Structures are given as C-alpha cells and as structure tokens.
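Printed here is model19.cif (mmCIF, C-alpha atoms, pLDDT in the B column; chains and numbers go by the auth columns):
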data_coords
loop_
_atom_site.group_PDB
_atom_site.id
_atom_site.type_symbol
_atom_site.label_atom_id
_atom_site.label_comp_id
_atom_site.label_asym_id
_atom_site.label_seq_id
_atom_site.Cartn_x
_atom_site.Cartn_y
_atom_site.Cartn_z
_atom_site.B_iso_or_equiv
_atom_site.auth_seq_id
_atom_site.auth_asym_id
ATOM 1 C CA MET A 1 217.498 141.894 60.242 36.00 1 A
ATOM 2 C CA ARG A 2 218.611 141.377 56.659 42.00 2 A
ATOM 3 C CA PRO A 3 220.107 137.944 55.925 46.00 3 A
ATOM 4 C CA ALA A 4 223.763 137.799 54.959 50.00 4 A
ATOM 5 C CA ASP A 5 224.388 137.509 51.222 51.00 5 A
ATOM 6 C CA GLY A 6 225.252 133.831 51.644 56.00 6 A
ATOM 7 C CA ASP A 7 221.822 133.236 53.200 75.00 7 A
ATOM 8 C CA ALA A 8 219.939 134.890 50.330 91.00 8 A
ATOM 9 C CA LEU A 9 217.331 132.767 48.623 95.00 9 A
ATOM 10 C CA ARG A 10 217.835 132.352 44.893 96.00 10 A
ATOM 11 C CA VAL A 11 215.060 131.100 42.576 97.00 11 A
ATOM 12 C CA ARG A 12 216.272 129.803 39.242 96.00 12 A
ATOM 13 C CA ALA A 13 215.467 127.305 36.519 95.00 13 A
ATOM 14 C CA ALA A 14 215.876 123.757 37.780 95.00 14 A
ATOM 15 C CA THR A 15 218.332 121.496 35.994 93.00 15 A
ATOM 16 C CA ALA A 16 219.089 117.789 35.921 93.00 16 A
ATOM 17 C CA ALA A 17 221.804 118.447 38.517 95.00 17 A
ATOM 18 C CA ASP A 18 219.035 119.446 40.966 95.00 18 A
ATOM 19 C CA LEU A 19 217.004 116.279 40.439 93.00 19 A
ATOM 20 C CA ALA A 20 218.081 114.270 43.493 92.00 20 A
ATOM 21 C CA ALA A 21 217.654 117.236 45.847 94.00 21 A
ATOM 22 C CA ILE A 22 214.225 118.125 44.413 94.00 22 A
ATOM 23 C CA ALA A 23 212.988 114.524 44.663 92.00 23 A
ATOM 24 C CA ALA A 24 214.203 114.258 48.258 90.00 24 A
ATOM 25 C CA LEU A 25 212.596 117.513 49.399 91.00 25 A
ATOM 26 C CA HIS A 26 209.363 116.638 47.560 89.00 26 A
ATOM 27 C CA SER A 27 209.218 113.241 49.273 87.00 27 A
ATOM 28 C CA GLY A 28 210.014 114.824 52.653 86.00 28 A
ATOM 29 C CA ALA A 29 207.370 117.529 52.251 87.00 29 A
ATOM 30 C CA ARG A 30 204.695 115.000 51.271 85.00 30 A
ATOM 31 C CA ALA A 31 205.637 112.808 54.228 83.00 31 A
ATOM 32 C CA ALA A 32 205.339 115.769 56.591 82.00 32 A
ATOM 33 C CA TYR A 33 201.863 116.818 55.495 76.00 33 A
ATOM 34 C CA HIS A 34 200.583 113.237 55.180 72.00 34 A
ATOM 35 C CA ARG A 35 201.643 112.513 58.775 72.00 35 A
ATOM 36 C CA ALA A 36 198.969 114.979 59.891 70.00 36 A
ATOM 37 C CA ARG A 37 196.329 112.667 58.429 71.00 37 A
ATOM 38 C CA PHE A 38 198.015 109.294 58.859 71.00 38 A
ATOM 39 C CA PRO A 39 200.239 109.427 61.965 73.00 39 A
ATOM 40 C CA GLY A 40 202.803 106.671 62.167 74.00 40 A
ATOM 41 C CA VAL A 41 202.704 105.733 58.471 69.00 41 A
ATOM 42 C CA PRO A 42 206.181 105.967 56.913 70.00 42 A
ATOM 43 C CA PHE A 43 205.827 108.115 53.783 68.00 43 A
ATOM 44 C CA ASP A 44 209.437 109.195 53.266 66.00 44 A
ATOM 45 C CA VAL A 45 210.680 105.783 52.179 71.00 45 A
ATOM 46 C CA PRO A 46 212.965 104.757 49.287 79.00 46 A
ATOM 47 C CA ALA A 47 210.013 103.822 47.044 78.00 47 A
ATOM 48 C CA GLU A 48 208.476 107.302 47.473 77.00 48 A
ATOM 49 C CA ARG A 49 211.796 109.023 46.834 80.00 49 A
ATOM 50 C CA ALA A 50 212.202 106.909 43.656 84.00 50 A
ATOM 51 C CA ARG A 51 208.643 107.743 42.566 81.00 51 A
ATOM 52 C CA TRP A 52 209.242 111.486 42.860 81.00 52 A
ATOM 53 C CA HIS A 53 212.703 111.182 41.319 85.00 53 A
ATOM 54 C CA ASP A 54 211.115 109.600 38.232 87.00 54 A
ATOM 55 C CA ALA A 55 208.301 112.187 38.101 86.00 55 A
ATOM 56 C CA TRP A 56 210.666 115.166 38.368 86.00 56 A
ATOM 57 C CA SER A 57 213.024 113.559 35.853 89.00 57 A
ATOM 58 C CA ARG A 58 210.156 113.467 33.342 87.00 58 A
ATOM 59 C CA ASP A 59 209.259 117.106 34.124 85.00 59 A
ATOM 60 C CA LEU A 60 212.849 118.265 33.698 87.00 60 A
ATOM 61 C CA ASP A 61 213.067 116.428 30.363 86.00 61 A
ATOM 62 C CA ARG A 62 209.847 117.942 28.983 82.00 62 A
ATOM 63 C CA GLY A 63 210.074 121.115 26.967 78.00 63 A
ATOM 64 C CA ASP A 64 206.597 122.235 28.019 79.00 64 A
ATOM 65 C CA THR A 65 207.061 122.023 31.786 84.00 65 A
ATOM 66 C CA PRO A 66 209.079 124.870 33.264 92.00 66 A
ATOM 67 C CA ALA A 67 210.613 123.825 36.559 94.00 67 A
ATOM 68 C CA LEU A 68 212.078 126.170 39.149 96.00 68 A
ATOM 69 C CA CYS A 69 214.071 125.571 42.266 97.00 69 A
ATOM 70 C CA ALA A 70 214.871 127.749 45.238 98.00 70 A
ATOM 71 C CA ALA A 71 218.324 127.456 46.776 97.00 71 A
ATOM 72 C CA ARG A 72 219.804 128.872 49.942 95.00 72 A
ATOM 73 C CA ARG A 73 223.545 128.569 50.610 92.00 73 A
ATOM 74 C CA GLY A 74 223.775 126.324 47.547 92.00 74 A
ATOM 75 C CA THR A 75 221.199 123.850 48.873 95.00 75 A
ATOM 76 C CA VAL A 76 217.918 123.295 47.013 97.00 76 A
ATOM 77 C CA VAL A 77 215.133 123.979 49.529 97.00 77 A
ATOM 78 C CA GLY A 78 212.085 124.254 47.259 97.00 78 A
ATOM 79 C CA ALA A 79 210.818 123.471 43.772 97.00 79 A
ATOM 80 C CA ALA A 80 207.873 124.222 41.506 96.00 80 A
ATOM 81 C CA SER A 81 206.714 123.144 38.050 95.00 81 A
ATOM 82 C CA TYR A 82 203.820 124.100 35.824 95.00 82 A
ATOM 83 C CA ARG A 83 202.591 123.630 32.292 91.00 83 A
ATOM 84 C CA HIS A 84 200.196 125.303 29.944 87.00 84 A
ATOM 85 C CA ARG A 85 196.811 123.639 29.857 79.00 85 A
ATOM 86 C CA ALA A 86 196.248 121.630 26.681 73.00 86 A
ATOM 87 C CA GLY A 87 194.975 123.905 23.937 71.00 87 A
ATOM 88 C CA HIS A 88 195.079 127.008 26.150 72.00 88 A
ATOM 89 C CA ARG A 89 198.176 129.218 25.914 77.00 89 A
ATOM 90 C CA THR A 90 196.597 131.639 28.402 86.00 90 A
ATOM 91 C CA ALA A 91 196.001 129.038 31.126 92.00 91 A
ATOM 92 C CA VAL A 92 198.497 127.074 33.222 94.00 92 A
ATOM 93 C CA THR A 93 198.338 124.323 35.800 93.00 93 A
ATOM 94 C CA LEU A 94 200.706 124.532 38.742 95.00 94 A
ATOM 95 C CA HIS A 95 201.651 120.870 39.093 91.00 95 A
ATOM 96 C CA GLN A 96 204.122 121.046 41.950 94.00 96 A
ATOM 97 C CA LEU A 97 205.201 123.515 44.589 96.00 97 A
ATOM 98 C CA HIS A 98 207.096 121.929 47.461 94.00 98 A
ATOM 99 C CA VAL A 99 209.343 123.273 50.199 96.00 99 A
ATOM 100 C CA ASP A 100 211.673 121.281 52.410 95.00 100 A
ATOM 101 C CA PRO A 101 209.847 121.084 55.778 92.00 101 A
ATOM 102 C CA GLY A 102 212.915 122.488 57.534 93.00 102 A
ATOM 103 C CA HIS A 103 212.361 125.682 55.536 95.00 103 A
ATOM 104 C CA TRP A 104 208.589 126.035 55.942 92.00 104 A
ATOM 105 C CA GLY A 105 207.633 129.537 56.959 93.00 105 A
ATOM 106 C CA THR A 106 210.885 131.115 55.704 95.00 106 A
ATOM 107 C CA GLY A 107 209.567 132.605 52.441 96.00 107 A
ATOM 108 C CA VAL A 108 210.688 129.828 50.100 97.00 108 A
ATOM 109 C CA GLY A 109 207.157 128.953 48.934 97.00 109 A
ATOM 110 C CA LEU A 110 206.293 132.617 48.484 96.00 110 A
ATOM 111 C CA ALA A 111 209.458 133.227 46.436 97.00 111 A
ATOM 112 C CA LEU A 112 208.657 130.255 44.174 97.00 112 A
ATOM 113 C CA HIS A 113 205.040 131.397 43.804 96.00 113 A
ATOM 114 C CA HIS A 114 206.144 134.934 42.936 95.00 114 A
ATOM 115 C CA ALA A 115 208.586 133.582 40.332 96.00 115 A
ATOM 116 C CA CYS A 116 205.757 131.571 38.765 96.00 116 A
ATOM 117 C CA LEU A 117 203.483 134.649 38.746 95.00 117 A
ATOM 118 C CA ARG A 118 206.151 136.757 37.030 94.00 118 A
ATOM 119 C CA ALA A 119 206.661 134.058 34.375 94.00 119 A
ATOM 120 C CA TRP A 120 202.925 133.666 33.835 94.00 120 A
ATOM 121 C CA HIS A 121 202.353 137.404 33.480 93.00 121 A
ATOM 122 C CA ALA A 122 205.271 137.679 31.041 92.00 122 A
ATOM 123 C CA ALA A 123 203.753 134.842 28.958 91.00 123 A
ATOM 124 C CA GLY A 124 200.301 136.460 28.883 92.00 124 A
ATOM 125 C CA VAL A 125 198.666 133.812 31.049 93.00 125 A
ATOM 126 C CA SER A 126 195.298 134.920 32.435 93.00 126 A
ATOM 127 C CA ARG A 127 194.303 131.925 34.567 93.00 127 A
ATOM 128 C CA ALA A 128 196.115 129.382 36.701 95.00 128 A
ATOM 129 C CA ALA A 129 194.778 126.218 38.294 93.00 129 A
ATOM 130 C CA LEU A 130 196.037 123.648 40.781 93.00 130 A
ATOM 131 C CA ASP A 131 194.859 120.721 42.854 91.00 131 A
ATOM 132 C CA VAL A 132 195.700 120.552 46.538 90.00 132 A
ATOM 133 C CA LEU A 133 195.106 117.664 48.914 84.00 133 A
ATOM 134 C CA TRP A 134 192.044 118.407 51.002 82.00 134 A
ATOM 135 C CA HIS A 135 193.757 117.543 54.285 80.00 135 A
ATOM 136 C CA ASN A 136 196.831 119.682 53.532 85.00 136 A
ATOM 137 C CA HIS A 137 195.599 122.659 55.537 86.00 137 A
ATOM 138 C CA ARG A 138 198.987 124.403 55.455 89.00 138 A
ATOM 139 C CA ALA A 139 199.007 124.480 51.635 92.00 139 A
ATOM 140 C CA ARG A 140 195.336 125.422 51.408 91.00 140 A
ATOM 141 C CA ALA A 141 195.887 128.382 53.754 94.00 141 A
ATOM 142 C CA PHE A 142 199.001 129.412 51.782 96.00 142 A
ATOM 143 C CA TYR A 143 197.137 129.464 48.464 95.00 143 A
ATOM 144 C CA THR A 144 194.106 131.208 49.957 95.00 144 A
ATOM 145 C CA ARG A 145 196.355 134.010 51.289 94.00 145 A
ATOM 146 C CA LEU A 146 197.727 134.411 47.764 94.00 146 A
ATOM 147 C CA GLY A 147 194.279 134.807 46.192 94.00 147 A
ATOM 148 C CA TRP A 148 193.555 131.272 44.973 95.00 148 A
ATOM 149 C CA ARG A 149 189.873 130.307 45.202 93.00 149 A
ATOM 150 C CA PRO A 150 187.885 127.085 44.681 89.00 150 A
ATOM 151 C CA ASP A 151 187.480 126.550 40.937 86.00 151 A
ATOM 152 C CA PRO A 152 183.772 126.712 40.033 81.00 152 A
ATOM 153 C CA ASP A 153 184.480 125.022 36.672 77.00 153 A
ATOM 154 C CA ARG A 154 186.171 121.941 38.124 72.00 154 A
ATOM 155 C CA ARG A 155 184.341 119.431 40.226 68.00 155 A
ATOM 156 C CA PRO A 156 186.070 117.787 43.183 64.00 156 A
ATOM 157 C CA ALA A 157 188.034 114.675 42.356 60.00 157 A
ATOM 158 C CA PRO A 158 186.027 111.439 42.566 59.00 158 A
ATOM 159 C CA ASP A 159 188.131 110.381 45.541 64.00 159 A
ATOM 160 C CA ALA A 160 187.206 113.661 47.322 68.00 160 A
ATOM 161 C CA LEU A 161 190.840 113.977 48.432 79.00 161 A
ATOM 162 C CA HIS A 162 191.686 116.990 46.278 81.00 162 A
ATOM 163 C CA LEU A 163 190.420 120.542 46.057 87.00 163 A
ATOM 164 C CA SER A 164 190.735 122.375 42.730 90.00 164 A
ATOM 165 C CA LEU A 165 191.766 126.011 43.030 93.00 165 A
ATOM 166 C CA THR A 166 192.084 128.786 40.470 93.00 166 A
ATOM 167 C CA LEU A 167 193.801 132.151 40.338 95.00 167 A
ATOM 168 C CA ASP A 168 192.626 134.972 38.069 93.00 168 A
ATOM 169 C CA LEU A 169 195.855 136.505 36.793 92.00 169 A
ATOM 170 C CA VAL A 170 194.056 139.433 35.196 86.00 170 A
ATOM 171 C CA THR A 171 193.395 140.837 38.676 80.00 171 A
ATOM 172 C CA ALA A 172 196.453 139.367 40.443 73.00 172 A
ATOM 173 C CA GLN A 173 199.413 141.688 40.136 72.00 173 A
ATOM 174 C CA ALA A 174 202.804 140.334 39.169 72.00 174 A
ATOM 175 C CA PRO A 175 205.164 140.805 42.113 77.00 175 A
ATOM 176 C CA PRO A 176 208.326 142.808 41.471 74.00 176 A
ATOM 177 C CA ALA A 177 211.503 140.930 40.703 74.00 177 A
ATOM 178 C CA PRO A 178 213.692 140.256 43.753 72.00 178 A
ATOM 179 C CA ASP A 179 216.118 142.962 42.607 62.00 179 A
ATOM 180 C CA GLY A 180 213.247 145.497 42.547 53.00 180 A
ATOM 181 C CA ARG A 181 212.919 145.735 38.747 51.00 181 A
#
File written out as structure tokens:
Amino acid sequence: MRPADGDALRVRAATAADLAAIAALHSGARAAYHRARFPGVPFDVPAERARWHDAWSRDLDRGDTPALCAARRGTVVGAASYRHRAGHRTAVTLHQLHVDPGHWGTGVGLALHHACLRAWHAAGVSRAALDVLWHNHRARAFYTRLGWRPDPDRRPAPDALHLSLTLDLVTAQAPPAPDGR
C-alpha cells in the first residue's frame, strides 16, 4: 500500500532549524545501539544530547560538510553528514547517518544513503569511507547490503571498537531520484 502524501518521506538539506531534532534523534539512536552492548547504562542523557547538539551545530556551520535530514509529516526522523577527504575531491567520508529508532526499518536510512550517493555521483566522487562501531550489528548489516566492504587501506582503530568500510562509487550505481528522474 502506498503511503498517503502526508506520510511521504522527504530528504532535504538540513538547516539550523533542524538542529535540536537531529541532536535528539542522534542521541536516541546511539543509546539504542549501545544498549545492546551495555544493557542498563543510560546513554540518552542530557550530557549526550548536548554533545551531539554541539557536534551537529559545528557541522551545520561548516561550508565543507553537507548535512541532510529526512522528515516525515514535518518531523525530522533521520540525518546524515559527510565531507570530502582532505586533499581528495574524489573521496568522501560519511561522518554521520542516524535514524530515530522509532523509524528503523521504514526506509529512512536507505533514503538518506541514496541521497548521499546521488550527491557524490554528481560531484564526481569515486570512493566513500566510513567508520562503524564494531558492535553495531544493525548498521554493519545495513552498509554491507549496500555494498560497503572493509577498507583494506585503513587499519582498525587502536581501540578495536570501530570497523572502517569503503564503497567504490565507480561500480556503485547512483539510485534514481525519488521522483524517478
């Protein structure tokens, strides 16, 4: 069944007006996937929300960090940001891609990822990289389904908590725009 127009997901450039919603969903998403590893530890606390508010505020203020948000019925339910790797206009690092846990499995992450891919292809980017927490099996499975593979050029982080992944954009097709163009 096709969702009603009011339920349609819209991916757009994030603005300062989206900051509080993005920080809250980021904090909530991190809390949800950290609970799998550390049950009972409160991750979605004011200090974490403030931390992610400050981080996203910096990203939204930077000219070199495109930030996107996904909204459904006027509510921000996902966000992503990336930047070109230093000295490499044809390589990007996906810094953030988070979905409100209440919207996991509804296509929000895929829509954000597709929007990033379209932007990267349009900019002539040939390679993308990201780091994912090792214990975040949901995210690792998501990226694997989308063609991301362990990066042979990047060693694991010294803390062994992160896995570096890469996506070859020369072979990955840009998905069509949501309106079919």
- Note on the structure: Judged by all atoms listed in the file, the minimum distance to Gly102 of chain A among A:Asp61, A:Pro178, A:Val76, A:Ser164 is found for A:Val76
- Query: So which one's closest to Ala36 of chain A, A:Val92, A:Leu133, A:Leu146, A:Ala24? Using only C-alpha atoms, please.
  - Reply: A:Leu133
- Task: Evaluate the PyMOL selection byres ((chain A and resi 130) around 8) and record the selected residues as JSON, numbers by chain, following the chain and residue labels used in the document.
- Result: {"A": [93, 94, 95, 128, 129, 131, 132, 164, 165, 166]}
Within 12 Å of (196.2, 140.8, 39.5), all atoms listed in the file: residues as a compact mmCIF listing (two decimals) with C-alpha atoms, in the coordinates of the input?
# COMPACT_ATOMS: atom_id res chain seq x y z
CA LEU A 117 203.48 134.65 38.75
CA ARG A 118 206.15 136.76 37.03
CA TRP A 120 202.92 133.67 33.84
CA HIS A 121 202.35 137.40 33.48
CA VAL A 125 198.67 133.81 31.05
CA SER A 126 195.30 134.92 32.44
CA ARG A 127 194.30 131.93 34.57
CA ALA A 128 196.12 129.38 36.70
CA LEU A 146 197.73 134.41 47.76
CA GLY A 147 194.28 134.81 46.19
CA TRP A 148 193.56 131.27 44.97
CA LEU A 167 193.80 132.15 40.34
CA ASP A 168 192.63 134.97 38.07
CA LEU A 169 195.86 136.50 36.79
CA VAL A 170 194.06 139.43 35.20
CA THR A 171 193.40 140.84 38.68
CA ALA A 172 196.45 139.37 40.44
CA GLN A 173 199.41 141.69 40.14
CA ALA A 174 202.80 140.33 39.17
CA PRO A 175 205.16 140.80 42.11
- Spell out the residues picked by the PyMOL selection byres ((chain A and resi 32) around 12) here, as a PyMOL selection string. chain A and resi 25-31+33-44+98-102+104+135-139
